[in-house]
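Novice: Shown below is the structure under consideration.
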Amino acid sequence: MVGSSKCIIILLLFCSLVACDKKTAYLKPVKLIQWVENKSNGLKVKKEIGQLEIRAQYKPIHYIIAKEARKVELASNYVKEQEHELGNQTVYCDLRLTNNSGQGSPLTLGGQMNYSSRLEYLTFGMQQDLKLVEGQDTLSCTLYQFVRNNELAPYVDVVLGFE
């Protein structure tokens with residue numbers, strides 16, 4: 001999972017972060033969520049490597065605010081407060097690694113590394129391998145959260161942030 005998947009992860013992040021059209025900030029929360037999650041807009045991409053599927057979802061700040069608020073309308077002062085809290089300079093992304101074989105989580109896929117090593121890598125090491133390339137800039141991952149599901153699902157999620 002470490003070798004060529006590093007390059008794929010960086011590529012997926014780059015592809016998913018191409019450009020978020022400013023018009024999304026003016027959409028109603030439900031429409032904004034639908035627009036961002038629509039694969040045809042390029043903010044959600046996937047790549048398959050053997051039995052491993054990697055999905056990346058770019059999350060604009062207004063999308064995060066709409067998802068968390070779960071309201072039909074959002075007051076502008078609420079949106080401004082949330083923008084300040086989330087930080088206007090941070091780029092957020094979700095990463096999902098899925099075992100396409102349907103037999104356990106990606107941590108149980110065959111390979112050279114054992115289960116404990118994979119778990120340790122996802123918990124502590126993967127953050128250092130993730131970079132976001134934006135124009136001439138290469139940004140390091142400053143926010144990293146491996147979401148542990150105790151192998152109850154055939155996927156693992158990672159929440160990422162780049163400043």
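Identifiers in this document derive from the order of the structure tokens: chains are assigned A, B, ..., residues are numbered from 1 separately in each chain, and ligands are numbered from 1 in order of occurrence.
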Could you list, as a compact mmCIF listing (two decimals) with N, CA, C and O atoms, in the first residue's frame, every residue within 6 Å of region 149-158 of chain A, counting only C-alpha atoms and ignoring same-chain residues fewer than 2 positions away?
Specialist:
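Result file is result-v8.txt:
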```txt
# COMPACT_ATOMS: atom_id res chain seq x y z
N ASP A 94 -11.45 14.40 1.73
CA ASP A 94 -11.65 13.08 2.32
C ASP A 94 -11.00 12.06 1.40
O ASP A 94 -11.06 12.18 0.18
N LEU A 95 -10.43 11.05 2.00
CA LEU A 95 -9.81 9.96 1.25
C LEU A 95 -10.42 8.67 1.76
O LEU A 95 -10.51 8.46 2.97
N ARG A 96 -10.87 7.82 0.85
CA ARG A 96 -11.44 6.53 1.24
C ARG A 96 -10.70 5.42 0.50
O ARG A 96 -10.59 5.45 -0.72
N LEU A 97 -10.19 4.45 1.26
CA LEU A 97 -9.52 3.28 0.71
C LEU A 97 -10.47 2.10 0.90
O LEU A 97 -10.88 1.81 2.02
N THR A 98 -10.81 1.42 -0.20
CA THR A 98 -11.79 0.34 -0.16
C THR A 98 -11.19 -0.95 -0.69
O THR A 98 -10.46 -0.94 -1.69
N ASN A 99 -11.51 -2.04 -0.03
CA ASN A 99 -11.14 -3.38 -0.49
C ASN A 99 -12.25 -3.85 -1.43
O ASN A 99 -13.34 -4.18 -0.99
N GLY A 104 -13.18 -8.07 3.88
CA GLY A 104 -12.47 -7.33 4.91
C GLY A 104 -12.05 -5.95 4.48
O GLY A 104 -12.33 -5.49 3.38
N SER A 105 -11.35 -5.28 5.36
CA SER A 105 -10.91 -3.91 5.12
C SER A 105 -9.61 -3.91 4.30
O SER A 105 -8.97 -4.95 4.14
N GLN A 145 -6.51 12.83 9.91
CA GLN A 145 -7.26 12.02 10.87
C GLN A 145 -7.66 10.71 10.22
O GLN A 145 -8.49 10.68 9.31
N PHE A 146 -7.06 9.62 10.67
CA PHE A 146 -7.44 8.29 10.24
C PHE A 146 -8.68 7.91 11.05
O PHE A 146 -8.64 7.89 12.27
N VAL A 147 -9.79 7.63 10.35
CA VAL A 147 -11.05 7.30 11.02
C VAL A 147 -11.10 5.80 11.19
O VAL A 147 -11.28 5.06 10.23
```
Novice: Write out as number ranges by chain all residues of region 114-159 of chain A that DSSP puts in helix (DSSP H, G or I) for this structure's backbone.
Specialist: A: 115-129
Novice: Give me, please, the distance in Å between CA of Val36 (chain A) and CA of Arg70 (chain A), quoted to one decimal.
Specialist: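 Going from CA of Val36 (chain A) over to CA of Arg70 (chain A) covers 15.2 Å.
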Novice: Using only C-alpha atoms, which protein or nucleic acid residues come within 7 Å of region 61-67 of chain A? Drop anything in the same chain fewer than 6 positions from it, and give the result as a PyMOL selection string.
Specialist: chain A and resi 25+29+32-33+82-83
Novice: In Å, with one decimal, what is the gap from CA of Lys59 (chain A) to CA of Phe124 (chain A)?
Specialist: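 Calculated distance between CA of Lys59 (chain A) and CA of Phe124 (chain A) is 22.8 Å.
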Novice: Can you check which residues of region 78-110 of chain A DSSP gives as strand (DSSP E or B) on the backbone and send them as a list in words?
Specialist: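 Filtering region 78-110 of chain A down to strand (DSSP E or B) leaves Val91, Tyr92, Cys93, Asp94, Leu95, Arg96, Leu97, Thr98 and Asn99 of chain A.
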Novice: Got a sec: who's within 7 Å of Cys141 (chain A), counting only C-alpha atoms, leaving out chain neighbours fewer than 4 positions off, as a PyMOL selection string?
Specialist: chain A and resi 127+130-131+160-162
Novice: Work out how far apart CA of Lys44 (chain A) and CA of Tyr58 (chain A) are and give it in Å to one decimal.
Specialist: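 Computing it gives 6.4 Å between the two atoms.
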Novice: Tell me which of A:Glu163, A:Glu53, A:Glu37, A:Glu73 sits closest to Asn100 (chain A), counting only C-alpha atoms.
Specialist: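 Residue with the minimum atom-to-atom distance to Asn100 (chain A): A:Glu53.
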Novice: Would you please work out which residue, of A:Arg55, A:Lys71, A:Lys80, A:Lys46, is nearest to Lys31 (chain A) when using only C-alpha atoms?
Specialist: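 Among A:Arg55, A:Lys71, A:Lys80, A:Lys46, it is A:Lys71 that comes nearest to Lys31 (chain A).
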